[in-house]
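Asks: Here you go, work-v4.txt (compact mmCIF, C-alpha atoms):
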# COMPACT_ATOMS: atom_id res chain seq x y z
CA MET A 1 -7.00 3.40 -21.44
CA SER A 2 -4.33 5.70 -20.08
CA GLU A 3 -1.19 4.27 -18.59
CA LEU A 4 -1.57 3.15 -14.96
CA PRO A 5 1.54 1.27 -13.88
CA ALA A 6 1.44 -0.75 -10.67
CA GLU A 7 4.73 0.71 -9.64
CA GLY A 8 2.99 3.99 -8.99
CA GLY A 9 3.75 2.79 -5.48
CA HIS A 10 0.83 2.52 -3.07
CA GLY A 11 -1.40 1.55 -5.99
CA ALA A 12 -1.53 2.36 -9.69
CA VAL A 13 -1.82 6.03 -10.64
CA PRO A 14 -2.27 7.56 -14.10
CA LEU A 15 0.86 8.91 -15.80
CA ALA A 16 -0.32 10.22 -19.17
CA ASP A 17 -1.40 13.86 -19.40
CA VAL A 18 -0.93 14.57 -15.69
CA PRO A 19 0.59 18.03 -15.12
CA THR A 20 3.93 17.84 -13.30
CA GLY A 21 4.40 21.37 -11.99
CA VAL A 22 8.08 21.23 -13.03
CA GLY A 23 9.43 24.76 -13.14
CA VAL A 24 6.20 26.29 -11.81
CA PRO A 25 6.98 28.76 -8.99
CA ALA A 26 5.61 27.92 -5.54
CA PRO A 27 2.07 29.28 -5.12
CA GLU A 28 2.97 30.94 -1.80
CA LYS A 29 6.30 31.69 -0.13
CA GLU A 30 7.81 28.35 0.71
CA TRP A 31 9.67 27.68 3.95
CA PRO A 32 13.40 27.18 3.38
CA LEU A 33 14.65 23.71 2.44
CA TYR A 34 16.87 21.95 4.99
CA GLU A 35 19.03 18.90 4.39
CA VAL A 36 18.99 16.40 7.27
CA PHE A 37 21.95 14.36 8.54
CA VAL A 38 21.59 11.67 11.21
CA ARG A 39 24.23 9.96 13.33
CA GLY A 40 22.98 6.38 13.70
CA LYS A 41 24.96 5.65 16.84
CA ARG A 42 28.09 6.78 18.64
CA GLY A 43 31.19 6.10 16.58
CA LEU A 44 29.50 6.69 13.21
CA ASN A 45 29.44 9.78 10.99
CA HIS A 46 26.33 11.81 10.44
CA VAL A 47 24.82 10.60 7.16
CA HIS A 48 22.50 12.48 4.82
CA VAL A 49 18.97 11.03 5.06
CA GLY A 50 16.76 13.49 3.17
CA SER A 51 15.32 16.96 3.32
CA LEU A 52 12.41 18.90 4.71
CA HIS A 53 10.97 22.40 4.83
CA ALA A 54 10.81 24.40 8.04
CA ALA A 55 10.28 28.03 9.02
CA ASP A 56 13.43 28.11 11.16
CA ASP A 57 16.31 26.00 12.48
CA ARG A 58 14.54 24.74 15.57
CA MET A 59 11.44 23.66 13.66
CA ALA A 60 13.72 21.92 11.15
CA LEU A 61 15.35 19.95 13.96
CA LEU A 62 12.02 18.95 15.53
CA HIS A 63 10.53 17.96 12.19
CA ALA A 64 13.68 16.01 11.32
CA ARG A 65 13.21 14.02 14.52
CA ASP A 66 9.60 13.20 13.65
CA VAL A 67 10.20 12.42 9.98
CA TYR A 68 13.54 10.63 10.07
CA THR A 69 13.97 9.08 13.54
CA ARG A 70 10.68 7.44 14.51
CA ARG A 71 12.43 4.12 15.26
CA ASN A 72 15.62 5.01 17.08
CA GLU A 73 17.47 5.61 13.80
CA GLY A 74 19.68 8.22 15.40
CA VAL A 75 21.38 9.68 18.44
CA SER A 76 22.14 13.06 16.87
CA ILE A 77 20.70 15.18 14.04
CA TRP A 78 22.19 17.99 11.97
CA VAL A 79 19.97 20.21 9.87
CA VAL A 80 21.58 22.52 7.31
CA ARG A 81 19.92 25.09 5.08
CA ALA A 82 20.22 23.61 1.58
CA ASP A 83 21.27 26.98 0.18
CA ALA A 84 24.26 26.98 2.55
CA ILE A 85 25.79 23.87 0.93
CA THR A 86 28.54 24.26 -1.65
CA ALA A 87 28.83 21.22 -3.92
CA SER A 88 31.12 19.96 -6.65
CA SER A 89 29.77 19.43 -10.14
CA PRO A 90 27.68 16.26 -10.44
CA ASP A 91 29.53 15.11 -13.56
CA GLU A 92 31.28 11.78 -12.95
CA LYS A 93 34.18 12.75 -15.18
CA ASP A 94 34.61 16.03 -13.40
CA PRO A 95 38.14 17.35 -13.97
CA MET A 96 38.17 18.26 -10.28
CA PHE A 97 38.71 14.58 -9.48
CA ALA A 98 41.20 13.99 -12.30
CA PRO A 99 44.32 14.59 -10.14
CA SER A 100 43.59 11.45 -8.10
CA GLY A 101 42.78 9.29 -11.14
CA ASP A 102 46.34 8.57 -12.29
CA LYS A 103 48.05 8.23 -8.90
CA VAL A 104 47.90 4.49 -8.43
CA TYR A 105 50.95 4.72 -6.16
CA ARG A 106 48.67 6.14 -3.46
CA HIS A 107 47.14 2.69 -2.98
CA PRO A 108 48.83 -0.09 -0.96
CA THR A 109 48.22 -2.63 -3.74
CA PHE A 110 50.62 -0.68 -6.03
CA TYR A 111 53.62 -2.15 -4.17
CA ASP A 112 54.97 -5.68 -4.71
CA ILE A 113 56.08 -7.22 -1.46
CA PRO A 114 57.54 -10.77 -1.32
CA ASP A 115 54.94 -13.31 -0.16
CA ASP A 116 57.09 -14.50 2.74
CA VAL A 117 57.23 -11.11 4.43
CA PRO A 118 54.78 -11.30 7.36
CA HIS A 119 52.35 -8.72 8.73
CA MET A 120 52.35 -6.38 5.70
CA MET B 1 38.62 17.60 -31.95
CA THR B 2 41.05 20.46 -32.65
CA LEU B 3 40.97 23.81 -30.98
CA THR B 4 39.47 25.45 -34.03
CA GLU B 5 36.31 23.31 -33.85
CA THR B 6 33.71 24.17 -31.28
CA PRO B 7 31.00 21.62 -30.47
CA THR B 8 27.50 22.54 -31.62
CA ASP B 9 24.49 22.44 -29.31
CA ASP B 10 23.44 19.22 -31.04
CA ASP B 11 26.82 17.64 -30.24
CA LEU B 12 26.48 18.64 -26.61
CA ALA B 13 22.92 17.29 -26.38
CA ALA B 14 23.95 13.99 -27.98
CA GLY B 15 26.82 13.70 -25.51
CA LEU B 16 24.53 14.32 -22.53
CA GLU B 17 22.00 11.80 -23.76
CA ALA B 18 24.71 9.19 -24.36
CA GLY B 19 25.99 9.75 -20.82
CA PHE B 20 22.50 9.25 -19.40
CA GLU B 21 21.93 6.09 -21.45
CA ALA B 22 25.31 4.72 -20.38
CA THR B 23 24.49 5.28 -16.70
CA ILE B 24 21.17 3.44 -17.12
CA ALA B 25 22.86 0.63 -19.08
CA ARG B 26 25.41 0.15 -16.27
CA ASN B 27 22.45 -0.19 -13.88
CA ASP B 28 23.87 2.82 -12.06
CA ARG B 29 21.64 5.43 -10.44
CA ILE B 30 20.72 8.80 -11.90
CA GLU B 31 21.22 11.58 -9.33
CA PRO B 32 19.37 14.90 -9.09
CA ARG B 33 21.87 17.18 -10.82
CA ASP B 34 22.59 14.77 -13.70
CA TRP B 35 21.28 15.66 -17.12
CA MET B 36 18.17 13.60 -17.88
CA PRO B 37 15.67 13.49 -20.75
CA ASP B 38 12.61 15.64 -20.16
CA GLY B 39 10.31 12.62 -20.50
CA TYR B 40 12.22 10.77 -17.80
CA ARG B 41 11.96 13.75 -15.44
CA ARG B 42 8.25 14.21 -16.06
CA THR B 43 7.43 10.52 -15.72
CA LEU B 44 9.28 10.44 -12.41
CA VAL B 45 7.55 13.54 -11.06
CA ARG B 46 4.13 12.11 -11.96
CA GLN B 47 4.93 8.79 -10.37
CA ILE B 48 6.66 10.08 -7.22
CA ALA B 49 4.29 12.99 -6.57
CA GLN B 50 1.19 10.83 -6.94
CA HIS B 51 2.79 8.16 -4.78
CA ALA B 52 3.32 10.87 -2.15
CA HIS B 53 -0.31 12.01 -2.50
CA SER B 54 -1.43 8.38 -2.02
CA GLU B 55 0.44 8.18 1.28
CA ILE B 56 -1.05 11.47 2.52
CA ILE B 57 -4.63 10.69 1.43
CA GLY B 58 -4.04 7.15 2.75
CA MET B 59 -4.04 8.52 6.29
CA GLN B 60 -7.78 9.23 6.09
CA PRO B 61 -9.46 5.81 5.86
CA GLU B 62 -7.60 4.49 8.91
CA GLY B 63 -7.34 7.80 10.77
CA ASN B 64 -11.12 7.47 10.90
CA TRP B 65 -10.70 4.61 13.43
CA ILE B 66 -8.08 6.07 15.79
CA THR B 67 -10.59 7.43 18.29
CA ARG B 68 -12.61 4.22 18.16
CA ALA B 69 -9.86 1.60 18.34
CA PRO B 70 -10.94 -0.91 21.01
CA SER B 71 -7.92 -0.69 23.34
CA LEU B 72 -5.04 1.60 24.21
CA ARG B 73 -2.67 -0.89 22.54
CA ARG B 74 -4.61 -0.83 19.27
CA LYS B 75 -4.94 2.94 19.44
CA ALA B 76 -1.18 3.41 19.89
CA ILE B 77 -0.44 1.02 17.00
CA LEU B 78 -2.90 2.75 14.69
CA LEU B 79 -1.56 6.20 15.59
CA ALA B 80 1.99 5.04 14.83
CA LYS B 81 0.86 3.55 11.54
CA VAL B 82 -0.97 6.65 10.38
CA GLN B 83 2.01 8.79 11.42
CA ASP B 84 4.20 6.54 9.26
CA GLU B 85 1.98 7.24 6.25
CA ALA B 86 2.59 10.96 6.76
CA GLY B 87 6.32 10.21 6.96
CA HIS B 88 6.18 8.18 3.74
CA GLY B 89 4.48 11.08 2.00
CA LEU B 90 7.21 13.44 3.19
CA TYR B 91 10.08 11.16 2.05
CA LEU B 92 8.44 11.06 -1.37
CA TYR B 93 7.76 14.80 -1.64
CA SER B 94 11.42 15.27 -0.71
CA ALA B 95 12.44 12.97 -3.60
CA ALA B 96 10.04 14.67 -6.06
CA GLU B 97 11.44 18.06 -5.13
CA THR B 98 14.93 17.04 -6.29
CA LEU B 99 13.46 16.99 -9.83
CA GLY B 100 12.77 20.72 -9.81
CA VAL B 101 9.21 20.93 -8.57
CA SER B 102 7.92 22.87 -5.59
CA ARG B 103 6.35 20.88 -2.79
CA LEU B 104 3.59 23.48 -2.36
CA GLU B 105 2.83 23.33 -6.07
CA LEU B 106 2.38 19.55 -5.79
CA THR B 107 -0.12 20.08 -2.96
CA GLU B 108 -1.97 22.62 -5.14
CA LEU B 109 -2.12 20.12 -8.03
CA LEU B 110 -3.52 17.47 -5.67
CA ILE B 111 -6.24 19.63 -4.14
CA ALA B 112 -7.15 20.97 -7.59
CA GLY B 113 -7.68 17.33 -8.64
CA LYS B 114 -5.08 17.64 -11.43
CA GLN B 115 -2.79 15.03 -9.91
CA LYS B 116 -4.30 11.81 -8.58
CA TYR B 117 -3.68 9.33 -5.79
CA SER B 118 -4.23 5.59 -5.54
CA SER B 119 -7.90 4.69 -5.95
CA ILE B 120 -7.71 2.19 -3.09
CA PHE B 121 -8.14 5.09 -0.66
CA ASN B 122 -11.50 5.97 -2.15
CA TYR B 123 -13.08 2.94 -0.50
CA PRO B 124 -14.72 3.51 2.90
CA THR B 125 -13.61 1.81 6.13
CA LEU B 126 -16.97 0.58 7.37
CA SER B 127 -15.87 -1.67 10.22
CA TYR B 128 -12.91 -1.90 12.56
CA ALA B 129 -11.87 -5.13 10.81
CA ASP B 130 -11.02 -2.91 7.82
CA VAL B 131 -8.01 -1.60 9.77
CA GLY B 132 -6.67 -5.15 9.81
CA THR B 133 -7.61 -5.90 6.20
CA ILE B 134 -5.97 -2.71 4.96
CA GLY B 135 -2.76 -3.64 6.76
CA TRP B 136 -2.81 -7.19 5.45
CA LEU B 137 -4.04 -6.77 1.85
CA VAL B 138 -3.64 -3.10 0.94
CA ASP B 139 -0.22 -2.66 2.53
CA GLY B 140 0.69 -6.18 1.34
CA ALA B 141 -0.07 -5.12 -2.24
CA ALA B 142 1.88 -1.90 -1.69
CA ILE B 143 4.88 -3.95 -0.54
CA CYS B 144 4.74 -5.98 -3.79
CA ASN B 145 4.78 -2.70 -5.75
CA GLN B 146 7.37 -0.93 -3.65
CA VAL B 147 10.05 -3.57 -3.14
CA PRO B 148 11.11 -3.49 -6.84
CA LEU B 149 11.12 0.32 -6.64
CA CYS B 150 14.02 0.17 -4.16
CA ARG B 151 16.13 -0.62 -7.27
CA THR B 152 14.59 2.08 -9.46
CA SER B 153 17.05 4.06 -11.58
CA TYR B 154 16.46 7.43 -9.88
CA GLY B 155 18.59 7.58 -6.72
CA PRO B 156 16.40 9.71 -4.41
CA TYR B 157 13.28 7.66 -5.26
CA GLY B 158 15.05 4.36 -4.57
CA ARG B 159 16.39 5.64 -1.24
CA ALA B 160 12.94 6.85 -0.18
CA MET B 161 11.51 3.44 -1.09
CA ILE B 162 14.05 1.62 1.06
CA ARG B 163 12.92 3.63 4.09
CA VAL B 164 9.25 3.08 3.22
CA CYS B 165 9.64 -0.69 2.75
CA LYS B 166 11.30 -1.11 6.15
CA GLU B 167 8.27 0.49 7.80
CA GLU B 168 5.66 -1.12 5.59
CA SER B 169 6.45 -4.52 7.06
CA PHE B 170 5.18 -3.30 10.45
CA HIS B 171 1.99 -2.13 8.75
CA GLN B 172 1.27 -5.48 7.19
CA ARG B 173 2.08 -7.51 10.30
CA GLN B 174 -0.01 -5.36 12.67
CA GLY B 175 -2.96 -5.77 10.28
CA TYR B 176 -2.60 -9.52 10.01
CA GLU B 177 -2.20 -9.86 13.77
CA LEU B 178 -5.34 -7.77 14.31
CA LEU B 179 -7.28 -10.11 12.00
CA THR B 180 -5.94 -13.28 13.66
CA THR B 181 -7.03 -11.87 17.02
CA MET B 182 -10.54 -11.24 15.71
CA MET B 183 -10.66 -14.72 14.14
CA ARG B 184 -10.02 -16.21 17.60
CA GLY B 185 -12.99 -14.22 18.95
CA THR B 186 -16.74 -14.61 18.48
CA ASP B 187 -18.69 -15.73 15.40
CA GLU B 188 -19.71 -12.11 14.95
CA GLN B 189 -16.06 -11.00 14.89
CA ARG B 190 -15.15 -13.72 12.38
CA ALA B 191 -18.03 -12.59 10.19
CA MET B 192 -16.73 -9.01 10.38
CA VAL B 193 -13.33 -10.15 9.13
CA GLN B 194 -14.81 -12.14 6.24
CA GLU B 195 -17.09 -9.26 5.24
CA SER B 196 -14.13 -6.88 5.27
CA VAL B 197 -11.95 -9.23 3.16
CA ASP B 198 -14.86 -9.60 0.71
CA ARG B 199 -14.93 -5.83 0.22
CA PHE B 200 -11.17 -5.25 -0.04
CA TRP B 201 -9.93 -8.25 -2.07
CA TRP B 202 -10.89 -6.92 -5.50
CA PRO B 203 -9.82 -3.32 -4.89
CA ALA B 204 -6.48 -4.68 -3.63
CA LEU B 205 -6.01 -6.53 -6.96
CA MET B 206 -6.83 -3.29 -8.78
CA MET B 207 -3.91 -1.59 -7.04
CA PHE B 208 -1.61 -3.24 -9.60
CA GLY B 209 -3.28 -1.38 -12.44
CA PRO B 210 -4.90 -2.64 -15.66
CA PRO B 211 -3.62 -5.78 -17.42
CA ASP B 212 -0.34 -5.48 -19.32
CA ALA B 213 -2.17 -5.54 -22.66
CA ASP B 214 -3.66 -2.15 -21.70
CA SER B 215 -0.34 -0.63 -20.60
CA PRO B 216 1.26 0.61 -23.83
CA ASN B 217 3.97 2.72 -22.19
CA THR B 218 5.31 0.11 -19.80
CA ALA B 219 8.20 -0.63 -22.18
CA GLN B 220 9.52 2.94 -21.97
CA SER B 221 9.36 3.03 -18.16
CA MET B 222 11.12 -0.33 -18.02
CA ALA B 223 13.81 0.80 -20.47
CA TRP B 224 14.47 3.79 -18.21
CA GLY B 225 14.74 1.51 -15.22
CA ILE B 226 11.92 3.39 -13.45
CA LYS B 227 9.76 0.30 -13.51
CA ARG B 228 11.09 -3.21 -12.92
CA ASN B 229 8.03 -5.50 -13.22
CA THR B 230 4.81 -5.44 -15.21
CA ASN B 231 1.39 -4.98 -13.58
CA ASP B 232 0.38 -8.60 -14.23
CA GLU B 233 3.65 -10.00 -12.83
CA LEU B 234 3.15 -8.10 -9.58
CA ARG B 235 -0.53 -9.03 -9.34
CA GLN B 236 0.32 -12.72 -9.76
CA LYS B 237 2.97 -12.48 -7.07
CA PHE B 238 0.49 -10.86 -4.69
CA VAL B 239 -2.19 -13.53 -5.28
CA ASP B 240 0.34 -16.35 -4.77
CA MET B 241 1.48 -14.75 -1.49
CA SER B 242 -2.03 -14.04 -0.20
CA VAL B 243 -3.66 -17.45 -0.72
CA PRO B 244 -1.73 -19.33 2.02
CA GLN B 245 -2.08 -16.29 4.32
CA ALA B 246 -5.87 -16.40 3.84
CA GLU B 247 -5.89 -20.13 4.61
CA ALA B 248 -3.88 -19.63 7.79
CA LEU B 249 -6.29 -16.89 8.81
CA GLY B 250 -9.35 -19.00 8.02
CA VAL B 251 -11.03 -16.63 5.56
CA THR B 252 -12.27 -17.26 2.02
CA LEU B 253 -11.04 -15.03 -0.80
CA PRO B 254 -14.16 -13.99 -2.78
CA ASP B 255 -13.07 -15.32 -6.19
CA PRO B 256 -14.74 -18.49 -7.54
CA GLU B 257 -12.06 -18.76 -10.24
CA LEU B 258 -9.18 -18.82 -7.74
CA ARG B 259 -7.33 -22.14 -7.90
CA TRP B 260 -3.80 -23.53 -8.01
CA ASN B 261 -2.53 -24.22 -11.54
CA GLU B 262 -0.01 -27.03 -11.28
CA GLU B 263 1.23 -26.49 -14.83
CA ARG B 264 2.01 -22.80 -14.38
CA GLY B 265 3.13 -23.14 -10.79
CA HIS B 266 0.87 -20.19 -9.95
CA HIS B 267 -2.71 -19.53 -8.94
CA ASP B 268 -5.29 -18.78 -11.60
CA PHE B 269 -7.69 -16.01 -10.60
CA GLY B 270 -10.50 -13.82 -11.93
CA GLN B 271 -10.30 -10.23 -13.17
CA PRO B 272 -11.43 -7.29 -11.04
CA ASP B 273 -14.12 -4.94 -12.38
CA TRP B 274 -11.95 -2.56 -14.41
CA GLU B 275 -14.87 -0.25 -15.08
CA GLU B 276 -15.21 0.30 -11.33
CA PHE B 277 -11.46 1.00 -11.23
CA MET B 278 -11.58 3.58 -14.03
CA GLN B 279 -14.55 5.31 -12.39
CA GLY B 280 -12.46 5.65 -9.23
CA VAL B 281 -9.53 7.12 -11.18
CA LYS B 282 -11.90 9.60 -12.84
CA GLY B 283 -13.09 10.78 -9.43
CA ASN B 284 -16.35 8.84 -9.19
CA GLY B 285 -15.35 6.28 -6.53
CA PRO B 286 -17.32 5.92 -3.28
CA CYS B 287 -15.25 8.40 -1.21
CA ASN B 288 -13.36 10.58 -3.76
CA ALA B 289 -15.26 13.75 -2.91
CA GLN B 290 -14.94 13.21 0.84
CA ARG B 291 -11.18 12.51 0.65
CA MET B 292 -10.50 15.58 -1.47
CA ALA B 293 -12.71 17.85 0.63
CA HIS B 294 -10.91 16.71 3.77
CA ARG B 295 -7.47 17.26 2.26
CA ARG B 296 -8.42 20.71 0.96
CA ARG B 297 -9.88 21.70 4.35
CA ALA B 298 -6.75 20.51 6.19
CA HIS B 299 -4.58 22.61 3.86
CA GLU B 300 -6.75 25.72 4.22
CA ASP B 301 -7.23 25.34 7.98
CA GLY B 302 -3.45 25.04 8.33
CA ALA B 303 -2.75 28.30 6.52
CA TRP B 304 -2.71 30.42 9.70
CA VAL B 305 -0.24 28.01 11.32
CA ARG B 306 2.12 28.28 8.35
CA GLU B 307 1.80 32.06 8.36
CA ALA B 308 2.37 32.31 12.12
CA ALA B 309 5.48 30.12 11.94
CA THR B 310 6.85 32.22 9.08
CA ALA B 311 6.21 35.44 11.03
CA TYR B 312 7.83 33.97 14.15
CA ALA B 313 10.90 32.94 12.17
CA ALA B 314 11.12 36.39 10.57
CA LYS B 315 11.20 38.02 14.00
CA GLY B 316 14.20 35.88 14.87
CA LEU B 317 12.59 34.59 18.06
CA ASP B 318 14.12 31.20 17.40
CA THR B 319 16.18 29.56 20.15
CA PRO B 320 19.71 30.96 20.04
CA ARG B 321 21.87 28.85 17.73
CA SER B 322 24.37 28.07 20.53
CA SER B 323 21.79 26.30 22.66
CA LEU B 324 20.62 24.05 19.82
CA GLY B 325 23.94 22.40 19.27
CA GLY B 326 22.29 19.29 17.93
CA ASN B 327 21.63 17.79 21.34
CA SER B 328 19.54 19.96 23.65
CA THR B 329 16.32 18.92 21.96
CA THR B 330 17.22 15.28 21.63
CA GLU B 331 18.24 15.04 25.28
CA ARG B 332 14.91 16.36 26.45
CA THR B 333 13.10 13.60 24.59
CA GLY B 334 15.39 10.93 25.95
CA ARG B 335 16.78 9.83 22.58
Would you mind writing the file out in structure tokens?

Replies:
Amino acid sequence: MSELPAEGGHGAVPLADVPTGVGVPAPEKEWPLYEVFVRGKRGLNHVHVGSLHAADDRMALLHARDVYTRRNEGVSIWVVRADAITASSPDEKDPMFAPSGDKVYRHPTFYDIPDDVPHM
Amino acid sequence: MTLTETPTDDDLAAGLEAGFEATIARNDRIEPRDWMPDGYRRTLVRQIAQHAHSEIIGMQPEGNWITRAPSLRRKAILLAKVQDEAGHGLYLYSAAETLGVSRLELTELLIAGKQKYSSIFNYPTLSYADVGTIGWLVDGAAICNQVPLCRTSYGPYGRAMIRVCKEESFHQRQGYELLTTMMRGTDEQRAMVQESVDRFWWPALMMFGPPDADSPNTAQSMAWGIKRNTNDELRQKFVDMSVPQAEALGVTLPDPELRWNEERGHHDFGQPDWEEFMQGVKGNGPCNAQRMAHRRRAHEDGAWVREAATAYAAKGLDTPRSSLGGNSTTERTGR
């Protein structure tokens, strides 16, 4: 019997010998990918919540509302074309972040203050 | 390493693999642009894509009852629930896509029958009570499966599952409430509920997949942190949760072997018909052909809409960027 794990999600699905489509080009021209950011309420930052495809900016915004804010999850949405995002390398030991690694003096806990000094 | 030595490809590969294993061992999450073994990527795509397909196909059995729901309240609830299923499918396609697969290609693989969806959706919804039973038992079983997936090792999948689980609770509760309402009604309504539970109990148990003895690759998925519990563990949990719910509802679960085992601290129960399950997976379940035909038709009938939207976007007829500003649309809808 082929593998059918329960954690296929909404019911067991077969895993063995199922084609994945990884690296296969889209069968027709795909709408651009947008990343979606939602501000939960006033006073909070917009936070990345996921992505979607849309033909244009306005459709992306309307779809983002329907997909990501069906239960008052947000008061404001940003949609950004995924290809417009510039990102750092995903490597955790990225040398780009090395300059901050050895500067412990940037943290308040680096400094010894006598216990009897108040409000510090 | 001195400057005169350059690492070989094998050294680099070993380093990448060690980094991946270390992330898993720390119980940290793997993120889309991390290096990952090909088997891990492919297992995830199969699991996430087919989970997405299940959500999308899962709209059909209940969508069937939207126009016939008995009141405006029930109609609104059912519409919201079916819309959620579409949303769940989209969260999951979004997660699958981060693994380097095109969303349109996944749809093609589904409608070509090369990727599958959960067999539970190949059972017909013969009475309105089925809407309640699906919420209670089918979505209840899905919750058992999906809660552990919130901690799965692949970041985007876990995040999608957290969103899904929050909404799934509404699905289960609306179903159970619908059934309790019918149980307070006439003898005929109570009989409808019992008949519906009789049909869905065994297929719901099948949702957890074959017994662990028949799941040879579970160990690999668990080592990768994709999977957190075995099929039998989850099935047991579901049975233990459902028994008191069935008692409170006043229905009988159709299993003569079902009884409390004091020694184990769990319920003993019978096995579903695994031959029926495998027939469903192979495409021979009661509604496989209908579900696939409907999905294929929806995709083909939508082609002109996709083309028109693409053409409209190409003409640049979109609302000027300045007037979008992130709030004009939201203000109109009162959010």

Asks: Between B:Trp224, B:Trp65, B:Gly175, B:Trp274, which residue has the minimum interatomic distance to B:Gly39, considering all atoms listed in the file?

Replies: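 Smallest distance to B:Gly39 is found for B:Trp224.
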
Asks: Work out how far atom CA of B:Ile162 is from atom CA of B:Cys150, in Å to one decimal.

Replies: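 Between atom CA of B:Cys150 and atom CA of B:Ile162 the gap is 5.4 Å.
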
Asks: Hey, can you pull every residue with an atom no more than 8 Å from (-1.8, 0.5, 14.0), using all atoms listed in the file, and send it as a list in words?

Replies: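 Residues found, by chain and rising number: Arg74, Lys75, Ala76, Ile77, Leu78, Leu79, Ala80, Lys81, Val82, Val131, His171, Gln174 and Gly175 of chain B.
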
Asks: Between atom CA of B:Ile111 and atom CA of B:Asp301, measure the distance and give it in Å to one decimal.

Replies: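 These two atoms are separated by 13.4 Å.
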
Asks: Between B:Gly185, B:Pro37, B:Gly250, B:Pro61, which is the closest to B:Tyr123 once you count all atoms listed in the file?

Replies: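 Of the candidates, the smallest distance to B:Tyr123 is held by B:Pro61.
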
Asks: To one decimal place, how far is atom CA of B:Cys287 from atom CA of B:Arg73 in Å?

Replies: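 So the answer is 28.4 Å.
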
Asks: I'd like the box whose edges run along x, y and z of the file and which contains every listed atom of stretch 81-89 of chain B, padded by 6 Å per side; could you state its centre and edge lengths in Å, one decimal, as AutoDock Vina command-line options?

Replies:
--center_x 2.7 --center_y 7.3 --center_z 6.8 --size_x 19.3 --size_y 19.5 --size_z 21.5
